[in-house]
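Have a look at the structure below, then the notes.
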Amino acid sequence: MQSSVLVQKLCLGKYMSLDFIHFYFTPLLFLMNLRARLRIDSSHERVLLLDGGLATELEAQGAHLQGDPLWSARLLHTNPQAIKTAHHSFLLSGADVIISATYQATIQGFVEHLGVSSDTARELLASGLGLAEAAATAFSSGKRAAHPVVVAASVGSYGAFLHDGSEFSGAYADKMSIEELKACHRPQLECLAAAGAEVLALETIPSVKEAGALVELLREFPNCDAWISFSCKDGTRLSDGSPLQDGVRVASRSTQVLAVGVNCCPPEWVETLLDSVAALRSPDRRWVVYPNSGEEWDAQHGWQTGKTATNITALSDVWIKQGAALIGGCCRVGPDQIGELRRHLNRRHSTEEEADLET
């Protein structure tokens, strides 16, 4: 194979076409890795704003995702432009960090549910990161971004692959060894790392055991940083019943883990969850929180919209005082809510700057 064609080996040593590589992996001048962005923003006491629920915005565009074993990852195959459009919507709303459509994207899942080859499955998985980076680059190159955008590659729990709601129980972890959990996650991390992921969003992790497996697995990918966010069953415990403190301690074993926190829990739980780990707070340990809207989920019928959504913006000041450095939304939190939170954070920062000038 000529050197002009052999541009880059990706995803377990499989070759991709030049067109694919150029489209998704051209050096991106308008992105920043999370470690650098956190260092810059923490020095100015700024909070990084995450995006909201990607599937929520895709459904608002007309996608039918309820009950799909691939969830939003199916659109990597059927409608990648919709994913780019959804990323763009959150960027327009002021998100500093966007998360790729790879939460429920696995090589095995694509092979089983799309009937594609393993090579094609790897390309689809890598394309999730590429689409997010392309959206961020297009947005930033249009000079609409005040700061470089961070792109995080989403990695869901093993329960997300199982598609049985067990990312909110973690029951499967009791039947699996650490090595088995690592083996389940390894192909996804290998592909995303080979595609150039600099930060992994290890999301909706329901158990201390799975967090420990991921912390060990991260050592195999030394060029990747990460955050770990847990799913929880109440205001102090992870979904497996363990105290959040135990999850934070396990996550903190790795210097690659830049932030620890919670996602896809009711917003009302966040304050007590962060209170429960207040003694573990340190300059090197940042909190990440991105709850859902507070509406109720039914496994058969999806989100029940009868309950009024909680105003995340109204609660965010408390979370910031508790040390949250990354704040956003998860399921049922759309660009409008992220835009409201952006305006609030901007006002907050302006007020703090004015107070500093007066002192």
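Identifiers for the structure tokens are assigned positionally: chains receive A, B, ... in sequence, residues are indexed from 1 per chain, and ligands are indexed from 1 in the order shown.
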Write out as a list in words each polymer residue whose atoms come within 6 Å of segment 164-175 of chain A, counting only C-alpha atoms; drop sequence neighbours fewer than 2 positions from it.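 Counting only the stated atoms, we get Gly159, Ala160, Leu162, Pro206, Ser207, Ser239 and Asp240 of chain A.
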Prev. selection, all heavy atoms, output as a compact mmCIF listing (two decimals), in the first residue's frame:
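again32.txt written:
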```
# COMPACT_ATOMS: atom_id res chain seq x y z
N GLY A 159 -24.24 -1.96 31.00
CA GLY A 159 -25.70 -2.03 31.02
C GLY A 159 -26.34 -1.33 29.83
O GLY A 159 -27.42 -1.72 29.38
N ALA A 160 -25.67 -0.29 29.31
CA ALA A 160 -26.20 0.40 28.13
C ALA A 160 -26.22 -0.55 26.94
O ALA A 160 -27.16 -0.56 26.14
CB ALA A 160 -25.38 1.64 27.83
N LEU A 162 -26.43 -3.80 27.13
CA LEU A 162 -27.45 -4.83 27.39
C LEU A 162 -28.85 -4.35 27.06
O LEU A 162 -29.74 -5.14 26.77
CB LEU A 162 -27.38 -5.27 28.86
CG LEU A 162 -26.09 -5.98 29.30
CD1 LEU A 162 -26.12 -6.25 30.80
CD2 LEU A 162 -25.90 -7.28 28.53
N PRO A 206 -22.97 2.42 37.05
CA PRO A 206 -23.84 2.16 38.19
C PRO A 206 -23.17 1.55 39.42
O PRO A 206 -23.81 1.45 40.47
CB PRO A 206 -24.87 1.18 37.62
CG PRO A 206 -24.09 0.40 36.60
CD PRO A 206 -23.08 1.37 36.02
N SER A 207 -21.92 1.12 39.28
CA SER A 207 -21.32 0.37 40.38
C SER A 207 -19.85 0.72 40.58
O SER A 207 -19.14 1.11 39.65
CB SER A 207 -21.43 -1.14 40.11
OG SER A 207 -20.63 -1.53 39.01
N SER A 239 -26.16 3.48 42.00
CA SER A 239 -27.26 2.57 41.65
C SER A 239 -27.09 1.19 42.26
O SER A 239 -28.07 0.49 42.51
CB SER A 239 -27.38 2.45 40.13
OG SER A 239 -27.83 3.66 39.56
N ASP A 240 -25.84 0.77 42.53
CA ASP A 240 -25.63 -0.55 43.13
C ASP A 240 -25.76 -0.52 44.65
O ASP A 240 -25.57 -1.55 45.31
CB ASP A 240 -24.26 -1.12 42.72
CG ASP A 240 -23.09 -0.41 43.39
OD1 ASP A 240 -23.28 0.70 43.93
OD2 ASP A 240 -21.96 -0.97 43.37
```
Mind dumping a table of every segment 145-218 of chain A residue within 10 Å of segment 87-98 of chain A, with the nearest atom pair and its distance in Å to one decimal, using only C-alpha atoms, sorted by chain and rising number, as CSV?
```
residue,atom,partner,partner_atom,distance
A:Ala145,CA,A:Gly94,CA,8.0
A:Ala146,CA,A:Gly94,CA,9.0
A:His147,CA,A:Asp96,CA,7.5
A:Pro148,CA,A:Asp96,CA,7.6
A:Val149,CA,A:Asp96,CA,5.3
A:Val150,CA,A:Val97,CA,4.6
A:Val151,CA,A:Ile98,CA,5.2
A:Ala152,CA,A:Ile98,CA,6.3
A:Ala153,CA,A:Ile98,CA,8.7
A:Ser154,CA,A:Ile98,CA,9.6
```
Pull N, CA and C atoms from the residues just selected and write them as an mmCIF file, in the first residue's frame.
```cif
data_model
loop_
_atom_site.group_PDB
_atom_site.id
_atom_site.type_symbol
_atom_site.label_atom_id
_atom_site.label_comp_id
_atom_site.auth_asym_id
_atom_site.auth_seq_id
_atom_site.Cartn_x
_atom_site.Cartn_y
_atom_site.Cartn_z
ATOM 1 N N ALA A 145 -17.552 30.826 18.564
ATOM 2 C CA ALA A 145 -17.189 30.288 19.866
ATOM 3 C C ALA A 145 -16.244 31.249 20.584
ATOM 4 N N ALA A 146 -16.589 31.581 21.831
ATOM 5 C CA ALA A 146 -15.732 32.469 22.615
ATOM 6 C C ALA A 146 -14.447 31.764 23.042
ATOM 7 N N HIS A 147 -14.505 30.431 23.166
ATOM 8 C CA HIS A 147 -13.355 29.643 23.585
ATOM 9 C C HIS A 147 -13.331 28.364 22.761
ATOM 10 N N PRO A 148 -12.171 27.709 22.669
ATOM 11 C CA PRO A 148 -12.120 26.425 21.965
ATOM 12 C C PRO A 148 -13.070 25.415 22.591
ATOM 13 N N VAL A 149 -13.646 24.571 21.766
ATOM 14 C CA VAL A 149 -14.613 23.579 22.210
ATOM 15 C C VAL A 149 -13.891 22.294 22.600
ATOM 16 N N VAL A 150 -14.378 21.656 23.646
ATOM 17 C CA VAL A 150 -13.881 20.343 24.051
ATOM 18 C C VAL A 150 -14.851 19.285 23.535
ATOM 19 N N VAL A 151 -14.331 18.217 22.948
ATOM 20 C CA VAL A 151 -15.149 17.090 22.499
ATOM 21 C C VAL A 151 -14.804 15.891 23.362
ATOM 22 N N ALA A 152 -15.812 15.309 23.992
ATOM 23 C CA ALA A 152 -15.628 14.115 24.813
ATOM 24 C C ALA A 152 -16.270 12.921 24.105
ATOM 25 N N ALA A 153 -15.572 11.793 24.119
ATOM 26 C CA ALA A 153 -16.085 10.569 23.503
ATOM 27 C C ALA A 153 -16.858 9.781 24.552
ATOM 28 N N SER A 154 -18.140 9.605 24.311
ATOM 29 C CA SER A 154 -19.004 8.939 25.288
ATOM 30 C C SER A 154 -18.778 7.430 25.303
#
```
Out of segment 153-317 of chain A, which residues get helix (DSSP H, G or I) from DSSP, as a PyMOL selection string? chain A and resi 158-162+166-168+171-175+178-194+208-218+244-251+267-276+278-280+312-317
Using only C-alpha atoms, please write the residues we just selected to a file, as a PDB file, in the first residue's frame.
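Okay, this is what ended up in again_19.pdb:
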```
ATOM      1  CA  TYR A 158     -22.045  -2.331  30.063  1.00  0.00           C
ATOM      2  CA  GLY A 159     -25.700  -2.030  31.018  1.00  0.00           C
ATOM      3  CA  ALA A 160     -26.203   0.398  28.133  1.00  0.00           C
ATOM      4  CA  PHE A 161     -25.125  -2.346  25.715  1.00  0.00           C
ATOM      5  CA  LEU A 162     -27.448  -4.831  27.393  1.00  0.00           C
ATOM      6  CA  SER A 166     -29.350  -2.179  34.111  1.00  0.00           C
ATOM      7  CA  GLU A 167     -27.195   0.949  33.853  1.00  0.00           C
ATOM      8  CA  PHE A 168     -29.511   2.073  36.668  1.00  0.00           C
ATOM      9  CA  ALA A 171     -26.868  -5.912  38.799  1.00  0.00           C
ATOM     10  CA  TYR A 172     -24.776  -7.503  36.072  1.00  0.00           C
ATOM     11  CA  ALA A 173     -21.529  -6.497  37.774  1.00  0.00           C
ATOM     12  CA  ASP A 174     -22.139  -8.987  40.587  1.00  0.00           C
ATOM     13  CA  LYS A 175     -21.938 -11.819  38.033  1.00  0.00           C
ATOM     14  CA  ILE A 178     -13.120  -7.111  36.787  1.00  0.00           C
ATOM     15  CA  GLU A 179     -11.343  -8.736  33.834  1.00  0.00           C
ATOM     16  CA  GLU A 180     -14.663  -9.587  32.164  1.00  0.00           C
ATOM     17  CA  LEU A 181     -15.858  -6.008  32.531  1.00  0.00           C
ATOM     18  CA  LYS A 182     -12.577  -4.734  31.092  1.00  0.00           C
ATOM     19  CA  ALA A 183     -12.914  -7.123  28.159  1.00  0.00           C
ATOM     20  CA  CYS A 184     -16.408  -5.801  27.417  1.00  0.00           C
ATOM     21  CA  HIS A 185     -15.246  -2.176  27.355  1.00  0.00           C
ATOM     22  CA  ARG A 186     -11.852  -2.648  25.704  1.00  0.00           C
ATOM     23  CA  PRO A 187     -12.937  -2.751  22.009  1.00  0.00           C
ATOM     24  CA  GLN A 188     -14.885   0.508  22.320  1.00  0.00           C
ATOM     25  CA  LEU A 189     -12.019   2.287  24.079  1.00  0.00           C
ATOM     26  CA  GLU A 190      -9.504   0.895  21.574  1.00  0.00           C
ATOM     27  CA  CYS A 191     -11.497   2.258  18.668  1.00  0.00           C
ATOM     28  CA  LEU A 192     -12.158   5.683  20.192  1.00  0.00           C
ATOM     29  CA  ALA A 193      -8.544   6.064  21.300  1.00  0.00           C
ATOM     30  CA  ALA A 194      -7.302   5.102  17.832  1.00  0.00           C
ATOM     31  CA  VAL A 208     -17.996   0.730  42.144  1.00  0.00           C
ATOM     32  CA  LYS A 209     -16.886  -2.532  40.542  1.00  0.00           C
ATOM     33  CA  GLU A 210     -17.386  -1.296  36.978  1.00  0.00           C
ATOM     34  CA  ALA A 211     -15.700   1.997  37.823  1.00  0.00           C
ATOM     35  CA  GLY A 212     -12.716   0.038  39.106  1.00  0.00           C
ATOM     36  CA  ALA A 213     -12.574  -1.953  35.883  1.00  0.00           C
ATOM     37  CA  LEU A 214     -12.603   1.236  33.820  1.00  0.00           C
ATOM     38  CA  VAL A 215      -9.895   2.837  35.954  1.00  0.00           C
ATOM     39  CA  GLU A 216      -7.691  -0.204  35.356  1.00  0.00           C
ATOM     40  CA  LEU A 217      -8.514  -0.231  31.639  1.00  0.00           C
ATOM     41  CA  LEU A 218      -7.568   3.436  31.257  1.00  0.00           C
ATOM     42  CA  LEU A 244     -20.853   7.784  46.247  1.00  0.00           C
ATOM     43  CA  GLN A 245     -17.722   8.229  48.371  1.00  0.00           C
ATOM     44  CA  ASP A 246     -16.615   4.724  47.406  1.00  0.00           C
ATOM     45  CA  GLY A 247     -17.027   5.524  43.723  1.00  0.00           C
ATOM     46  CA  VAL A 248     -15.051   8.751  44.068  1.00  0.00           C
ATOM     47  CA  ARG A 249     -12.216   6.969  45.873  1.00  0.00           C
ATOM     48  CA  VAL A 250     -11.978   4.313  43.162  1.00  0.00           C
ATOM     49  CA  ALA A 251     -12.071   6.884  40.350  1.00  0.00           C
ATOM     50  CA  PRO A 267     -31.488  17.418  39.752  1.00  0.00           C
ATOM     51  CA  GLU A 268     -32.864  17.432  43.296  1.00  0.00           C
ATOM     52  CA  TRP A 269     -30.381  14.715  44.278  1.00  0.00           C
ATOM     53  CA  VAL A 270     -27.233  16.515  43.184  1.00  0.00           C
ATOM     54  CA  GLU A 271     -26.810  18.754  46.243  1.00  0.00           C
ATOM     55  CA  THR A 272     -26.951  15.900  48.749  1.00  0.00           C
ATOM     56  CA  LEU A 273     -24.779  13.710  46.540  1.00  0.00           C
ATOM     57  CA  LEU A 274     -22.073  16.374  46.435  1.00  0.00           C
ATOM     58  CA  ASP A 275     -22.489  16.998  50.162  1.00  0.00           C
ATOM     59  CA  SER A 276     -21.800  13.320  50.754  1.00  0.00           C
ATOM     60  CA  ALA A 278     -17.453  17.092  50.395  1.00  0.00           C
ATOM     61  CA  ALA A 279     -14.655  15.665  52.561  1.00  0.00           C
ATOM     62  CA  LEU A 280     -13.050  14.173  49.423  1.00  0.00           C
ATOM     63  CA  ILE A 312     -31.341  23.124  36.548  1.00  0.00           C
ATOM     64  CA  THR A 313     -30.243  26.742  36.320  1.00  0.00           C
ATOM     65  CA  ALA A 314     -31.925  27.556  39.622  1.00  0.00           C
ATOM     66  CA  LEU A 315     -29.939  24.825  41.376  1.00  0.00           C
ATOM     67  CA  SER A 316     -26.593  25.363  39.679  1.00  0.00           C
ATOM     68  CA  ASP A 317     -25.264  28.044  42.044  1.00  0.00           C
TER      69      ASP A 317
END
```
Write out as a PDB file with N, CA and C atoms, in the first residue's frame the residues lying within 7 Å of Ile338 of chain A, counting only C-alpha atoms and excluding same-chain residues fewer than 6 positions away.
```
ATOM      1  N   ASP A  51     -23.012  19.940  27.211  1.00  0.00           N
ATOM      2  CA  ASP A  51     -24.253  19.968  26.431  1.00  0.00           C
ATOM      3  C   ASP A  51     -25.367  19.261  27.201  1.00  0.00           C
ATOM      4  N   GLY A  52     -26.471  18.988  26.541  1.00  0.00           N
ATOM      5  CA  GLY A  52     -27.598  18.308  27.169  1.00  0.00           C
ATOM      6  C   GLY A  52     -27.803  16.931  26.570  1.00  0.00           C
ATOM      7  N   SER A  93     -26.178  27.055  21.679  1.00  0.00           N
ATOM      8  CA  SER A  93     -26.720  27.400  22.999  1.00  0.00           C
ATOM      9  C   SER A  93     -25.637  27.757  24.002  1.00  0.00           C
ATOM     10  N   GLY A 328     -23.917  20.414  33.235  1.00  0.00           N
ATOM     11  CA  GLY A 328     -24.728  20.349  32.021  1.00  0.00           C
ATOM     12  C   GLY A 328     -25.995  19.573  32.282  1.00  0.00           C
TER      13      GLY A 328
END
```
Who sits within 6 Å of Val155 of chain A, only C-alpha atoms, same chain under 4 positions skipped, as a list in words: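 The residues that qualify are Tyr103, Ala201 and Leu202 of chain A.
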Can you write just those residues out, all heavy atoms, as a PDB file, in the first residue's frame?
```pdb
ATOM      1  N   TYR A 103     -22.517   6.628  23.178  1.00  0.00           N
ATOM      2  CA  TYR A 103     -22.873   6.057  24.480  1.00  0.00           C
ATOM      3  C   TYR A 103     -23.282   4.590  24.341  1.00  0.00           C
ATOM      4  O   TYR A 103     -22.847   3.727  25.104  1.00  0.00           O
ATOM      5  CB  TYR A 103     -24.003   6.882  25.104  1.00  0.00           C
ATOM      6  CG  TYR A 103     -24.588   6.300  26.361  1.00  0.00           C
ATOM      7  CD1 TYR A 103     -23.948   6.483  27.585  1.00  0.00           C
ATOM      8  CD2 TYR A 103     -25.788   5.586  26.347  1.00  0.00           C
ATOM      9  CE1 TYR A 103     -24.480   5.955  28.758  1.00  0.00           C
ATOM     10  CE2 TYR A 103     -26.330   5.058  27.506  1.00  0.00           C
ATOM     11  CZ  TYR A 103     -25.678   5.246  28.706  1.00  0.00           C
ATOM     12  OH  TYR A 103     -26.201   4.713  29.861  1.00  0.00           O
ATOM     13  N   ALA A 201     -15.802  10.303  28.166  1.00  0.00           N
ATOM     14  CA  ALA A 201     -16.865  10.501  29.146  1.00  0.00           C
ATOM     15  C   ALA A 201     -17.395   9.130  29.518  1.00  0.00           C
ATOM     16  O   ALA A 201     -18.186   8.532  28.779  1.00  0.00           O
ATOM     17  CB  ALA A 201     -17.971  11.374  28.555  1.00  0.00           C
ATOM     18  N   LEU A 202     -16.937   8.594  30.629  1.00  0.00           N
ATOM     19  CA  LEU A 202     -17.364   7.272  31.103  1.00  0.00           C
ATOM     20  C   LEU A 202     -18.622   7.499  31.928  1.00  0.00           C
ATOM     21  O   LEU A 202     -18.568   7.863  33.101  1.00  0.00           O
ATOM     22  CB  LEU A 202     -16.244   6.628  31.914  1.00  0.00           C
ATOM     23  CG  LEU A 202     -14.875   6.578  31.198  1.00  0.00           C
ATOM     24  CD1 LEU A 202     -13.804   6.018  32.127  1.00  0.00           C
ATOM     25  CD2 LEU A 202     -14.951   5.767  29.915  1.00  0.00           C
TER      26      LEU A 202
END
```
Please return, as a PyMOL selection string, all residues of segment 134-246 of chain A that DSSP assigns to strand (DSSP E or B) on the basis of the backbone. chain A and resi 149-156+199-205+225-230+232+237-238+243
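Going from atom CA of His113 of chain A over to atom CA of Asp68 of chain A, you cover 9.4 Å.
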So which residues touch Val289 of chain A within 6 Å, counting only C-alpha atoms, skipping near sequence neighbours fewer than 5 positions away, as a ChimeraX atom specification? /A:261-263,327
Residue contacts of Leu125 of chain A (8 Å, only C-alpha atoms) excluding same-chain residues fewer than 2 positions away, as a PyMOL selection string: chain A and resi 76+102+105-107+121-123+127-129+188+191-192
May I have the residues from that selection written out with N, CA and C atoms, as a compact mmCIF listing (two decimals), in the first residue's frame?
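Listed below is the output, selection.txt:
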```
# COMPACT_ATOMS: atom_id res chain seq x y z
N LEU A 76 -25.76 7.07 13.52
CA LEU A 76 -24.43 7.09 12.92
C LEU A 76 -24.45 6.36 11.58
N THR A 102 -21.82 8.12 21.01
CA THR A 102 -21.27 6.77 21.10
C THR A 102 -21.60 6.08 22.42
N ALA A 105 -22.93 2.82 21.47
CA ALA A 105 -22.30 2.34 20.24
C ALA A 105 -21.19 1.36 20.59
N THR A 106 -21.37 0.13 20.20
CA THR A 106 -20.34 -0.89 20.39
C THR A 106 -20.19 -1.68 19.10
N ILE A 107 -19.03 -2.27 18.93
CA ILE A 107 -18.79 -3.07 17.73
C ILE A 107 -19.76 -4.25 17.69
N ALA A 121 -18.41 -1.72 11.57
CA ALA A 121 -18.82 -1.34 12.92
C ALA A 121 -17.78 -0.43 13.56
N ARG A 122 -16.51 -0.75 13.34
CA ARG A 122 -15.45 0.10 13.89
C ARG A 122 -15.46 1.48 13.26
N GLU A 123 -15.68 1.53 11.97
CA GLU A 123 -15.76 2.84 11.30
C GLU A 123 -16.93 3.65 11.83
N SER A 127 -16.72 7.16 13.74
CA SER A 127 -17.38 8.31 13.12
C SER A 127 -18.15 9.13 14.13
N GLY A 128 -18.58 8.51 15.24
CA GLY A 128 -19.27 9.29 16.27
C GLY A 128 -18.40 10.40 16.81
N LEU A 129 -17.13 10.08 17.07
CA LEU A 129 -16.19 11.11 17.51
C LEU A 129 -15.94 12.10 16.39
N GLN A 188 -14.38 -0.84 22.52
CA GLN A 188 -14.89 0.51 22.32
C GLN A 188 -13.80 1.54 22.63
N CYS A 191 -11.09 1.58 19.89
CA CYS A 191 -11.50 2.26 18.67
C CYS A 191 -11.53 3.77 18.86
N LEU A 192 -12.08 4.24 19.95
CA LEU A 192 -12.16 5.68 20.19
C LEU A 192 -10.77 6.28 20.40
```
Mind pulling up the distance from atom CA of Gly323 of chain A to atom CA of Val288 of chain A? 8.9 Å
